[in-house]
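K.L.:
Just dropping this structure here.
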Amino acid sequence: MKLIKVEYLEESSEAIFFDVMFEKKGFFTMPKIYNKRCFMEKTGTKSYFKFSDNTGGYNFDSSIVQEMILQYEKRK
């Protein structure tokens, strides 16, 4: 995954929501750009995000997680 953009949206009591744009390369296909809504749960002990449309499961991509944290901290 290659991070393009992370945008903080809002915060609830259980999660922080973001719009994330990234590029993902397939094995036999050209890279494709995705723009997805994601969230980070506040109650977890590990840093990860999950796609809001329930695709992709949990993702620990460190560059995206770090950018999400930076965007969130800027809003505080």
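Letters A, B, ... go to the chains of the structure tokens in the order shown; residues in each chain start at 1; ligands are counted from 1 in the same order.
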Would you return as a count of residues only the members of chain A that DSSP assigns to strand (DSSP E) on this structure's backbone?
P.N.:
35
K.L.:
Tell me, as a list in words, which residues lie within 8 Å of segment 59-69 of chain A, counting only C-alpha atoms; anything in the same chain fewer than 6 positions away does not count.
P.N.:
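In the requested format, the answer is Met1, Leu3, Val6, Glu7, Tyr8, Phe18, Ser47, Tyr48, Phe49 and Lys50 of chain A.
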K.L.:
Let me see the file: selected residues, C-alpha atoms, as a PDB file, in the first residue's frame.
P.N.:
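Everything below was put into out13.pdb:
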ATOM      1  CA  MET A   1       0.000   0.000   0.000  1.00  0.00           C
ATOM      2  CA  LEU A   3      -0.417   6.311   1.219  1.00  0.00           C
ATOM      3  CA  VAL A   6      -5.418  10.984   5.175  1.00  0.00           C
ATOM      4  CA  GLU A   7      -8.161  13.350   6.318  1.00  0.00           C
ATOM      5  CA  TYR A   8      -9.591  13.456   9.849  1.00  0.00           C
ATOM      6  CA  PHE A  18     -10.903   9.270   8.627  1.00  0.00           C
ATOM      7  CA  SER A  47      -2.532   0.657  16.583  1.00  0.00           C
ATOM      8  CA  TYR A  48      -4.564  -0.416  13.574  1.00  0.00           C
ATOM      9  CA  PHE A  49      -7.381   0.835  11.388  1.00  0.00           C
ATOM     10  CA  LYS A  50     -10.354  -0.862   9.799  1.00  0.00           C
TER      11      LYS A  50
END
K.L.:
With a distance cut-off of 6 Å and only C-alpha atoms, select the neighbouring residues of Phe22 of chain A, excluding the residue or stretch itself and same-chain residues fewer than 2 positions from it, and output the selection as a PyMOL selection string.
P.N.:
chain A and resi 2-4+33-34
K.L.:
Export, as an mmCIF file, in the first residue's frame, the selected residues with N, CA and C atoms.
P.N.:
data_model
loop_
_atom_site.group_PDB
_atom_site.id
_atom_site.type_symbol
_atom_site.label_atom_id
_atom_site.label_comp_id
_atom_site.auth_asym_id
_atom_site.auth_seq_id
_atom_site.Cartn_x
_atom_site.Cartn_y
_atom_site.Cartn_z
ATOM 1 N N LYS A 2 0.465 2.225 -0.764
ATOM 2 C CA LYS A 2 1.163 3.513 -0.787
ATOM 3 C C LYS A 2 0.167 4.592 -0.376
ATOM 4 N N LEU A 3 0.469 5.282 0.691
ATOM 5 C CA LEU A 3 -0.417 6.311 1.219
ATOM 6 C C LEU A 3 -0.401 7.543 0.323
ATOM 7 N N ILE A 4 -1.580 8.074 0.019
ATOM 8 C CA ILE A 4 -1.702 9.305 -0.759
ATOM 9 C C ILE A 4 -2.201 10.441 0.127
ATOM 10 N N ILE A 33 -6.178 3.180 -7.269
ATOM 11 C CA ILE A 33 -6.321 4.145 -6.181
ATOM 12 C C ILE A 33 -7.675 3.938 -5.509
ATOM 13 N N TYR A 34 -7.641 3.841 -4.187
ATOM 14 C CA TYR A 34 -8.850 3.666 -3.381
ATOM 15 C C TYR A 34 -9.033 4.884 -2.493
#
K.L.:
Report, in Å to a single decimal, how far apart atom CA of Asp19 of chain A and atom CA of Lys5 of chain A are.
P.N.:
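These two atoms are separated by 8.0 Å.
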K.L.:
I'd like to know which of A:Pro31, A:Arg37, A:Lys24, A:Thr55 is closest to Leu9 of chain A, using only C-alpha atoms.
P.N.:
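Of all the options, A:Arg37 lies closest to Leu9 of chain A.
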K.L.:
From the DSSP assignment of the backbone, select every residue of segment 44-73 of chain A that is helix (DSSP H, G or I), and format the answer as a PyMOL selection string.
P.N.:
chain A and resi 62-73
